[in-house]
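Q: Below is the file target34.txt, with compact mmCIF, C-alpha atoms and all ligand atoms.
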# COMPACT_ATOMS: atom_id res chain seq x y z
CA MET A 741 135.49 74.98 103.51
CA PRO A 742 133.05 72.25 104.54
CA ILE A 743 133.17 69.86 101.64
CA VAL A 744 134.25 66.84 103.66
CA ASP A 745 135.33 63.27 103.16
CA MET A 746 132.10 61.26 102.92
CA LYS A 747 133.66 58.22 104.58
CA GLY A 748 134.48 60.18 107.72
CA MET A 749 131.01 61.73 107.64
CA LEU A 750 129.18 58.40 107.43
CA GLU A 751 131.47 56.68 109.92
CA HIS A 752 130.56 59.39 112.43
CA ALA A 753 126.85 58.80 111.75
CA TYR A 754 127.32 55.03 112.05
CA GLN A 755 129.23 55.35 115.32
CA TYR A 756 126.77 57.77 116.92
CA GLY A 757 123.57 56.14 115.66
CA TYR A 758 122.04 58.67 113.31
CA ALA A 759 121.56 58.84 109.53
CA VAL A 760 122.65 61.54 107.09
CA GLY A 761 120.12 62.49 104.40
CA ALA A 762 121.37 62.03 100.83
CA PHE A 763 118.91 64.21 98.97
CA ASP A 764 118.74 64.01 95.18
CA VAL A 765 118.87 67.45 93.60
CA VAL A 766 117.32 68.21 90.20
CA SER A 767 117.40 72.02 90.17
CA LEU A 768 118.80 75.06 91.93
CA ASP A 769 115.67 75.19 94.13
CA PHE A 770 116.61 71.75 95.48
CA VAL A 771 120.20 72.84 96.21
CA THR A 772 119.03 76.01 97.96
CA GLY A 773 116.25 74.29 99.89
CA ILE A 774 118.40 71.38 101.12
CA MET A 775 121.32 73.61 102.13
CA THR A 776 118.93 75.95 103.96
CA ALA A 777 117.56 72.97 105.90
CA ALA A 778 121.08 71.74 106.75
CA GLU A 779 122.21 75.17 107.97
CA ARG A 780 119.02 75.74 109.96
CA SER A 781 119.26 72.39 111.72
CA ARG A 782 123.09 72.29 111.92
CA SER A 783 123.11 68.96 110.11
CA PRO A 784 125.69 67.20 107.95
CA VAL A 785 124.19 66.58 104.52
CA ILE A 786 124.84 64.81 101.22
CA LEU A 787 123.88 66.48 97.96
CA SER A 788 123.21 63.62 95.51
CA LEU A 789 122.95 63.70 91.75
CA ALA A 790 121.29 60.62 90.27
CA GLU A 791 122.44 59.58 86.81
CA SER A 792 118.89 58.48 86.05
CA HIS A 793 117.84 62.15 86.45
CA PHE A 794 120.39 63.58 84.00
CA ALA A 795 117.72 63.86 81.31
CA HIS A 796 116.10 66.60 83.45
CA PHE A 797 119.11 68.94 83.88
CA ASP A 798 122.63 69.66 82.66
CA PHE A 799 124.84 67.68 85.06
CA GLU A 800 127.92 69.85 84.50
CA LEU A 801 126.09 73.12 85.05
CA LEU A 802 124.22 71.94 88.14
CA MET A 803 127.46 70.55 89.59
CA SER A 804 128.98 74.05 89.58
CA ALA A 805 126.15 75.29 91.78
CA VAL A 806 126.27 72.19 94.01
CA GLU A 807 129.99 72.54 94.57
CA ARG A 808 129.76 76.25 95.30
CA ALA A 809 126.90 75.67 97.74
CA ALA A 810 128.96 73.02 99.52
CA GLN A 811 132.09 75.19 99.64
CA ARG A 812 130.32 78.10 101.26
CA ALA A 813 128.39 75.99 103.80
CA THR A 814 129.18 76.03 107.49
CA VAL A 815 127.96 72.44 107.93
CA PRO A 816 129.76 69.36 106.53
CA VAL A 817 128.67 68.50 102.99
CA ALA A 818 129.55 65.61 100.65
CA ILE A 819 128.65 65.47 96.96
CA HIS A 820 127.59 62.08 95.64
CA LEU A 821 126.90 60.42 92.30
CA ASP A 822 123.71 58.44 92.94
CA HIS A 823 122.93 55.34 90.83
CA GLY A 824 126.07 55.67 88.68
CA MET A 825 125.75 53.29 85.75
CA SER A 826 129.42 52.76 84.76
CA THR A 827 133.05 53.45 85.57
CA LYS A 828 132.93 56.10 82.83
CA SER A 829 130.14 58.01 84.56
CA ALA A 830 131.97 57.72 87.90
CA VAL A 831 135.12 59.21 86.31
CA GLN A 832 133.07 62.09 84.89
CA ALA A 833 131.31 62.71 88.22
CA ILE A 834 134.64 62.84 90.09
CA SER A 835 136.06 65.20 87.50
CA LEU A 836 133.06 67.51 88.03
CA GLY A 837 133.40 67.50 91.82
CA CYS A 838 131.60 64.46 93.31
CA ASN A 839 133.54 63.08 96.27
CA GLY A 840 131.52 59.90 96.65
CA VAL A 841 130.14 57.58 93.97
CA MET A 842 127.57 54.80 93.84
CA VAL A 843 127.73 51.82 91.50
CA ASP A 844 124.26 50.78 90.36
CA ALA A 845 124.84 47.18 89.27
CA SER A 846 122.61 45.23 91.65
CA HIS A 847 120.18 44.28 88.87
CA HIS A 848 122.98 42.13 87.37
CA PRO A 849 123.82 38.58 88.57
CA PHE A 850 126.17 38.51 91.59
CA GLU A 851 129.44 37.87 89.69
CA GLU A 852 128.68 40.64 87.19
CA ASN A 853 127.78 43.03 90.04
CA VAL A 854 131.15 42.21 91.68
CA ARG A 855 133.02 42.74 88.38
CA LEU A 856 131.37 46.09 87.62
CA THR A 857 131.76 47.29 91.21
CA LEU A 858 135.45 46.32 91.27
CA GLY A 859 136.00 48.49 88.19
CA VAL A 860 134.62 51.49 90.06
CA THR A 861 136.29 50.85 93.44
CA GLY A 862 139.69 50.37 91.78
CA MET A 863 139.40 53.67 89.95
CA ALA A 864 137.69 55.69 92.72
CA HIS A 865 139.94 54.53 95.57
CA SER A 866 143.00 55.54 93.56
CA CYS A 867 141.43 59.03 93.58
CA GLY A 868 140.71 58.98 97.35
CA ILE A 869 136.95 58.69 96.67
CA PRO A 870 134.73 56.31 98.68
CA VAL A 871 132.27 54.00 96.91
CA GLU A 872 128.75 52.80 97.67
CA GLY A 873 127.78 49.42 96.21
CA GLU A 874 124.36 47.80 96.20
CA LEU A 875 123.33 44.22 96.73
CA GLY A 876 119.76 42.99 96.48
CA TYR A 877 117.38 45.12 94.47
CA VAL A 878 115.24 48.14 95.46
CA PRO A 879 112.64 48.51 92.71
CA GLY A 880 110.02 51.15 92.09
CA VAL A 881 109.23 54.61 90.95
CA GLU A 882 111.73 57.27 91.97
CA GLY A 883 109.52 60.31 91.56
CA GLU A 884 108.98 60.78 87.85
CA ASP A 885 111.69 58.23 87.08
CA ALA A 886 109.63 55.05 86.78
CA GLU A 887 111.35 53.28 83.96
CA HIS A 888 114.77 53.19 85.61
CA HIS A 889 113.83 50.84 88.45
CA PRO A 890 111.46 48.20 87.12
CA GLY A 891 111.05 44.66 88.46
CA ASP A 892 110.55 42.97 91.79
CA LEU A 893 112.17 43.54 95.14
CA VAL A 894 115.08 41.21 95.97
CA TYR A 895 116.16 41.20 99.62
CA THR A 896 119.91 41.41 100.32
CA SER A 897 121.43 38.07 101.34
CA VAL A 898 123.72 38.19 104.39
CA SER A 899 126.30 35.74 103.06
CA GLU A 900 126.44 37.43 99.64
CA ALA A 901 126.77 40.83 101.32
CA LYS A 902 129.84 39.61 103.21
CA GLU A 903 131.46 38.19 100.09
CA TYR A 904 130.53 41.26 98.01
CA VAL A 905 132.08 43.72 100.48
CA GLN A 906 135.22 41.61 100.90
CA ARG A 907 135.77 41.19 97.18
CA THR A 908 134.89 44.71 96.01
CA GLY A 909 136.16 46.82 98.93
CA VAL A 910 133.10 49.10 98.86
CA ASP A 911 133.00 51.61 101.73
CA PHE A 912 129.21 51.62 102.18
CA LEU A 913 126.57 49.08 101.22
CA ALA A 914 123.07 49.87 99.97
CA VAL A 915 120.83 47.10 101.20
CA SER A 916 117.42 45.97 100.05
CA ILE A 917 115.34 45.16 103.10
CA GLY A 918 111.82 46.04 101.96
CA THR A 919 111.74 49.67 100.76
CA VAL A 920 110.91 50.72 97.20
CA HIS A 921 111.86 53.83 95.29
CA GLY A 922 109.10 56.39 95.03
CA ARG A 923 105.60 56.63 96.47
CA MET A 924 104.88 53.87 98.96
CA LYS A 925 101.90 51.74 97.96
CA GLY A 926 100.47 49.85 100.93
CA GLU A 927 102.66 48.75 103.82
CA PRO A 928 106.36 48.02 103.24
CA SER A 929 107.50 44.64 104.49
CA LEU A 930 110.69 45.65 106.29
CA ASN A 931 112.99 42.81 107.34
CA TYR A 932 114.68 44.17 110.48
CA SER A 933 116.23 40.90 111.57
CA ARG A 934 117.99 40.52 108.23
CA LEU A 935 119.24 44.11 108.48
CA GLU A 936 120.49 43.44 112.01
CA GLU A 937 122.39 40.39 110.80
CA ILE A 938 123.90 42.26 107.83
CA ASN A 939 124.98 45.04 110.17
CA LYS A 940 126.58 42.63 112.67
CA THR A 941 128.37 40.80 109.86
CA LEU A 942 129.71 43.82 107.97
CA GLY A 943 130.21 46.60 110.53
CA ILE A 944 130.22 49.33 107.84
CA PRO A 945 127.73 52.19 107.22
CA LEU A 946 124.62 50.88 105.46
CA VAL A 947 122.50 52.84 103.01
CA LEU A 948 118.72 52.90 102.58
CA HIS A 949 117.34 53.62 99.13
CA GLY A 950 113.70 54.48 98.65
CA GLY A 951 113.67 56.64 101.78
CA THR A 952 110.31 58.30 101.07
CA GLY A 953 107.19 57.29 102.94
CA LEU A 954 108.22 55.44 106.10
CA THR A 955 106.91 56.09 109.61
CA ASP A 956 108.96 57.69 112.40
CA GLU A 957 109.23 54.32 114.12
CA GLN A 958 110.39 52.55 110.97
CA TYR A 959 113.17 55.10 110.39
CA SER A 960 114.27 54.78 113.98
CA ARG A 961 114.48 50.96 113.87
CA LEU A 962 116.38 51.06 110.57
CA ILE A 963 118.88 53.59 111.92
CA ASN A 964 119.33 51.51 115.10
CA ASN A 965 120.37 48.63 112.85
CA GLY A 966 123.14 50.39 110.93
CA ILE A 967 121.41 52.60 108.33
CA SER A 968 123.64 55.69 108.25
CA LYS A 969 122.65 57.25 104.92
CA ILE A 970 119.07 57.65 103.73
CA ASN A 971 118.45 58.39 100.05
CA TYR A 972 115.48 60.69 99.70
CA TYR A 973 113.89 62.25 96.67
CA THR A 974 110.20 61.61 95.92
CA ALA A 975 108.86 63.45 98.97
CA LEU A 976 110.88 66.54 97.99
CA ALA A 977 109.61 66.31 94.40
CA ASP A 978 106.05 65.97 95.69
CA ALA A 979 106.41 68.94 98.07
CA SER A 980 107.71 71.02 95.14
CA GLY A 981 104.91 69.87 92.84
CA LYS A 982 102.30 70.68 95.47
CA ARG A 983 103.67 74.18 95.86
CA VAL A 984 103.60 74.76 92.09
CA GLN A 985 99.99 73.55 91.98
CA GLN A 986 99.06 76.00 94.75
CA ASN A 987 100.78 78.79 92.81
CA THR A 988 98.65 78.07 89.76
CA GLN A 989 95.63 79.19 91.82
CA SER A 990 97.07 82.68 92.27
CA ASP A 991 97.13 85.55 89.77
CA GLY A 992 100.76 85.42 88.59
CA GLN A 993 101.26 82.67 86.00
CA GLY A 994 104.82 83.39 84.82
CA TYR A 995 107.75 81.12 85.67
CA THR A 996 108.93 82.91 88.80
CA ALA A 997 105.36 83.09 90.12
CA LEU A 998 104.88 79.37 89.55
CA VAL A 999 108.09 78.30 91.33
CA ASP A 1000 107.76 80.85 94.12
CA GLY A 1001 108.21 79.13 97.50
CA VAL A 1002 109.41 75.81 96.03
CA ALA A 1003 112.83 76.02 97.72
CA GLU A 1004 111.13 76.79 101.05
CA SER A 1005 108.85 73.73 100.69
CA ILE A 1006 111.91 71.57 100.02
CA ALA A 1007 113.73 73.10 103.00
CA ASP A 1008 110.80 72.33 105.33
CA GLU A 1009 110.59 68.68 104.28
CA ALA A 1010 114.39 68.15 104.36
CA GLU A 1011 114.62 69.78 107.79
CA ARG A 1012 111.85 67.53 109.11
CA CYS A 1013 113.92 64.52 107.99
CA MET A 1014 117.13 65.84 109.55
CA HIS A 1015 115.40 66.08 112.94
CA LEU A 1016 113.73 62.70 112.51
CA TRP A 1017 116.92 60.87 111.52
CA GLY A 1018 119.03 62.44 114.28
CA SER A 1019 121.49 64.34 112.06
CA ALA A 1020 120.21 67.73 113.25
CA GLY A 1021 122.70 69.24 115.70
CA GLN A 1022 125.55 66.90 114.62
CA ALA A 1023 127.30 69.29 112.21
CA ASP A 1024 130.03 70.49 114.56
CA ASN A 1025 130.83 67.02 115.97
CA ALA A 1026 130.87 65.51 112.50
CA LEU A 1027 133.17 68.26 111.22
CA LYS A 1028 135.75 67.31 113.87
CA ASN A 1029 135.61 63.71 112.63
CA CYS A 1030 135.86 64.37 108.88
CA ALA A 1031 138.95 65.27 106.91
CA SER A 1032 138.21 68.41 104.91
CA TRP A 1033 138.25 67.94 101.19
CA ALA A 1034 141.30 69.82 99.91
CA PRO A 1035 142.26 69.61 96.25
CA VAL A 1036 145.85 69.49 94.99
CA GLU A 1037 147.45 71.68 92.33
CA HIS A 1038 150.13 69.88 90.32
CA LEU A 1039 152.26 72.76 89.02
CA ILE A 1040 154.93 72.57 86.35
CA VAL A 1041 156.86 75.53 84.93
CA TYR A 1042 159.26 74.86 82.07
CA ASN A 1043 161.20 76.09 79.07
CA ALA A 1044 160.98 74.35 75.71
CA ASP A 1045 163.47 73.35 73.04
CA ALA A 1046 160.95 73.94 70.24
CA ASN A 1047 159.09 76.78 68.56
CA GLU A 1048 155.87 78.08 70.06
CA THR A 1049 153.63 76.37 67.48
CA LYS A 1050 155.06 72.99 68.41
CA VAL A 1051 154.73 73.73 72.12
CA HIS A 1052 151.08 74.80 71.69
CA ALA A 1053 150.27 71.61 69.75
CA MET A 1054 151.82 69.56 72.55
CA MET A 1055 149.83 71.52 75.16
CA SER A 1056 146.60 70.99 73.26
CA GLU A 1057 147.15 67.22 73.10
CA GLY A 1058 148.09 67.26 76.80
CA ARG A 1059 144.87 69.02 77.77
CA ARG A 1060 142.87 66.41 75.84
CA VAL A 1061 144.70 63.35 77.24
CA LEU A 1062 145.38 64.43 80.81
CA SER A 1063 141.90 65.83 81.52
CA GLN A 1064 140.49 62.30 81.05
CA ILE A 1065 142.67 60.67 83.71
CA PRO A 1066 140.58 59.78 86.79
CA GLY A 1067 140.82 62.34 89.59
CA VAL A 1068 141.84 65.24 87.31
CA ARG A 1069 139.48 68.18 87.71
CA THR A 1070 141.01 70.70 85.28
CA VAL A 1071 144.10 71.13 83.11
CA PHE A 1072 145.41 74.65 82.54
CA THR A 1073 148.28 75.37 80.15
CA GLY A 1074 149.85 78.81 79.99
CA ASN A 1075 152.35 81.13 78.34
CA ALA A 1076 154.26 83.53 80.60
CA ILE A 1077 152.89 87.07 80.33
CA GLN A 1078 156.22 88.71 81.22
CA GLU A 1079 158.77 88.60 78.36
CA GLY A 1080 161.70 87.99 80.67
CA ALA A 1081 160.07 85.27 82.81
CA GLN A 1082 162.50 82.62 84.01
CA TYR A 1083 160.11 79.91 82.78
CA ARG A 1084 158.10 80.50 79.57
CA PHE A 1085 155.37 77.86 79.95
CA SER A 1086 153.21 76.23 82.62
CA TRP A 1087 150.87 73.36 83.43
CA LEU A 1088 148.46 73.61 86.31
CA VAL A 1089 146.66 70.31 86.77
CA ARG A 1090 144.06 70.23 89.54
CA PHE A 1091 143.57 66.86 91.29
CA CYS A 1092 140.50 66.12 93.42
CA HIS A 1093 142.59 64.57 96.23
CA PRO A 1094 146.25 63.97 97.19
CA ALA A 1095 145.86 60.26 96.29
CA VAL A 1096 145.78 61.33 92.64
CA ILE A 1097 149.43 62.47 92.80
CA ASP A 1098 150.48 58.79 92.63
CA SER A 1099 147.68 57.40 90.47
CA TYR A 1100 148.14 60.20 87.89
CA ARG A 1101 151.92 59.74 87.78
CA ASP A 1102 151.50 55.98 87.18
CA HIS A 1103 148.56 56.21 84.75
CA PRO A 1104 149.55 54.74 81.34
CA ASP A 1105 148.11 57.73 79.42
CA HIS A 1106 150.16 60.14 81.54
CA ILE A 1107 153.31 58.05 81.15
CA ALA A 1108 152.88 57.83 77.35
CA PHE A 1109 152.22 61.57 77.01
CA ALA A 1110 155.08 62.57 79.31
CA ASP A 1111 157.62 60.20 77.70
CA ASN A 1112 156.70 60.72 74.06
CA GLN A 1113 155.48 64.31 73.85
CA PHE A 1114 156.31 66.42 76.86
CA ARG A 1115 159.82 65.45 78.00
CA PRO A 1116 161.40 65.47 74.52
CA ILE A 1117 160.41 69.17 74.27
CA ALA A 1118 160.49 70.44 77.85
CA GLY A 1119 164.06 70.67 79.08
CA ASP A 1120 164.56 72.89 82.07
CA ARG A 1121 161.58 72.56 84.44
CA ILE A 1122 160.28 72.64 88.01
CA SER A 1123 157.39 70.44 89.21
CA ILE A 1124 155.68 70.86 92.60
CA ASP A 1125 152.39 69.58 94.11
CA TYR A 1126 150.49 72.01 96.32
CA ARG A 1127 147.69 71.02 98.63
CA ALA A 1128 145.04 73.71 99.20
CA VAL A 1129 145.39 75.27 102.62
CA GLU A 1130 141.71 76.08 102.69
CA SER A 1131 139.32 74.73 100.12
CA GLY A 1132 137.32 77.64 98.95
CA ARG A 1133 135.50 79.43 101.74
CA THR A 1134 135.61 83.08 100.72
CA HIS A 1135 132.33 84.33 102.16
CA SER A 1136 132.56 85.96 105.56
CA GLU A 1137 129.28 84.39 106.54
CA ASN A 1138 127.15 81.58 105.25
CA SER A 1139 124.96 82.68 102.41
CA ALA A 1140 122.96 79.52 101.75
CA SER A 1141 119.56 80.97 102.35
CA ILE A 1142 116.31 81.36 100.55
CA ARG A 1143 115.42 84.81 99.34
CA LYS A 1144 111.89 85.37 100.52
CA SER A 1145 109.50 86.46 97.86
CA ALA A 1146 108.03 89.95 98.20
P1 LIG B 1 112.74 57.93 97.15
O1 LIG B 1 112.48 58.66 95.86
O2 LIG B 1 111.78 56.84 97.42
O3 LIG B 1 112.86 58.88 98.30
O4 LIG B 1 114.15 57.22 96.97
C1 LIG B 1 115.25 57.98 96.59
C2 LIG B 1 116.42 57.11 96.32
O5 LIG B 1 116.55 56.02 96.80
C3 LIG B 1 117.46 57.68 95.44
O6 LIG B 1 118.57 56.87 95.29
Just dump the structure as structure tokens.

A:
Amino acid sequence: MPIVDMKGMLEHAYQYGYAVGAFDVVSLDFVTGIMTAAERSRSPVILSLAESHFAHFDFELLMSAVERAAQRATVPVAIHLDHGMSTKSAVQAISLGCNGVMVDASHHPFEENVRLTLGVTGMAHSCGIPVEGELGYVPGVEGEDAEHHPGDLVYTSVSEAKEYVQRTGVDFLAVSIGTVHGRMKGEPSLNYSRLEEINKTLGIPLVLHGGTGLTDEQYSRLINNGISKINYYTALADASGKRVQQNTQSDGQGYTALVDGVAESIADEAERCMHLWGSAGQADNALKNCASWAPVEHLIVYNADANETKVHAMMSEGRRVLSQIPGVRTVFTGNAIQEGAQYRFSWLVRFCHPAVIDSYRDHPDHIAFADNQFRPIAGDRISIDYRAVESGRTHSENSASIRKSA
């Protein structure tokens, strides 16, 4: 069950003065390690997938594992697109199961950032999905991802932040107040007074990028000034790399020998953060505060005034068109198995959230398909929307755990 609404999750953190870790995952070891840490420390958690990392893994395949891990968790989990580059990538991420998206447009001039962000908030909010925007610029090397964040740090301006949030309607704001992505070189120059002012002005959960490498005291002061989500990657990548290097010293040199213990190293580092940032122990309270994430099945059964070839051609076009509408997860079309079935054909369209019932109905591509292709053929029909009663928990006990090596 515990995929939860990320807005409720972060509002709980904001209200009670702790921060949820948004850990970027790049492999199954990361998913396993982070979920193990969250279960062990009873912490809410965000599994993030950064678009800038997509060269390193197959986004669609990893999303299946991420979603399954979140569904079977006993702690609240949200799934986030980190550093999304466009509305198109946000639509794809939502279709694959992300229930929060970030717009990475802060390297553009202010008006362009507002325009690009508005494109994403308009689309995502119509799907019930919260959005993180960024203002100011957090540069630097995100693990092995140097080239995606070049340039110099730009601190977030308080007045621009106010205007940006008002105009775009973002739910969370990533601020630039002195951190950099990746390994910290020298001392960061953190501007707490600016953060305090942004927090007082906006009153919404704030996000810290470049979470790796700060001191306990620095985290604590940032969290006390409104940081409710901390993006964290490089330290996990480094802990994994260190473990692989240690494994090269031992006898076994095959793949499984080299990655042995990587998930455990990630779990240890993520768990340390969860205790440090105050999210450990908050899982049950946060769960009470967050709406659970229940998908909707839009079901249509119908008979057709056309031969089967024509119906199948219409279904095929429908699958192509409808699966691209924001908030649609899957489109199933079917023929009745029983000869004497009252209705011969079906659609089963899965929406990520009840908000999609309206936005799908009103979407121009849906209207055009329904008016020009579906309704002229489908006469007698029934259409009903079903909300999931429970979203997926089938395991009798949590099974997010690391299998210890022999
Ligand atoms: P670090 O790699 O510095 O932890 O930053 C991660 C990040 O901000 C991802 O969005």

Q: Which chains and residue numbers are within 6 Å of ligand LIG 1 (chain B), counting only C-alpha atoms and all ligand atoms, if I want them as number ranges by chain?

A: A: 822, 882-883, 921-922, 949-952, 971-974

Q: Near Pro1094 of chain A, within 8 Å and counting all atoms listed in the file, which residues show up once chain neighbours fewer than 4 positions away are dropped, as a PyMOL selection string?

A: chain A and resi 867-868+1035-1036+1127

Q: Determine the nearest neighbour of Val910 of chain A from the options A:Gly859, A:Gly1021, A:Gly773, A:Gly992, counting all atoms listed in the file.

A: A:Gly859

Q: Mind giving me the straight-line distance from atom CA of Ala975 of chain A to atom CA of Gly953 of chain A in Å, one decimal?

A: 7.5 Å

Q: Which polymer residues have any atom within 8 Å of an atom of Ile1097 of chain A, counting only C-alpha atoms, with same-chain residues fewer than 5 positions away left out, as an MDAnalysis selection string?

A: chainID A and resid 1038 1091 1125

Q: Just the residues within 10 Å of segment 747-752 of chain A, please, counting only C-alpha atoms, with nothing from its chain fewer than 6 positions along; format it as JSON, numbers by chain.

A: {"A": [758, 759, 760, 784, 785, 786, 816, 817, 818, 839, 840, 869, 870, 871, 911, 912, 944, 945, 946, 947, 967, 968, 969, 1022, 1023, 1025, 1026, 1027, 1028, 1029, 1030, 1031, 1032]}

Q: Write a file of the just-selected residues containing C-alpha atoms, as a compact mmCIF listing (two decimals), keeping the file's coordinate frame.

A:
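Heads up, here's the output in out_8.txt:
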# COMPACT_ATOMS: atom_id res chain seq x y z
CA TYR A 758 122.04 58.67 113.31
CA ALA A 759 121.56 58.84 109.53
CA VAL A 760 122.65 61.54 107.09
CA PRO A 784 125.69 67.20 107.95
CA VAL A 785 124.19 66.58 104.52
CA ILE A 786 124.84 64.81 101.22
CA PRO A 816 129.76 69.36 106.53
CA VAL A 817 128.67 68.50 102.99
CA ALA A 818 129.55 65.61 100.65
CA ASN A 839 133.54 63.08 96.27
CA GLY A 840 131.52 59.90 96.65
CA ILE A 869 136.95 58.69 96.67
CA PRO A 870 134.73 56.31 98.68
CA VAL A 871 132.27 54.00 96.91
CA ASP A 911 133.00 51.61 101.73
CA PHE A 912 129.21 51.62 102.18
CA ILE A 944 130.22 49.33 107.84
CA PRO A 945 127.73 52.19 107.22
CA LEU A 946 124.62 50.88 105.46
CA VAL A 947 122.50 52.84 103.01
CA ILE A 967 121.41 52.60 108.33
CA SER A 968 123.64 55.69 108.25
CA LYS A 969 122.65 57.25 104.92
CA GLN A 1022 125.55 66.90 114.62
CA ALA A 1023 127.30 69.29 112.21
CA ASN A 1025 130.83 67.02 115.97
CA ALA A 1026 130.87 65.51 112.50
CA LEU A 1027 133.17 68.26 111.22
CA LYS A 1028 135.75 67.31 113.87
CA ASN A 1029 135.61 63.71 112.63
CA CYS A 1030 135.86 64.37 108.88
CA ALA A 1031 138.95 65.27 106.91
CA SER A 1032 138.21 68.41 104.91
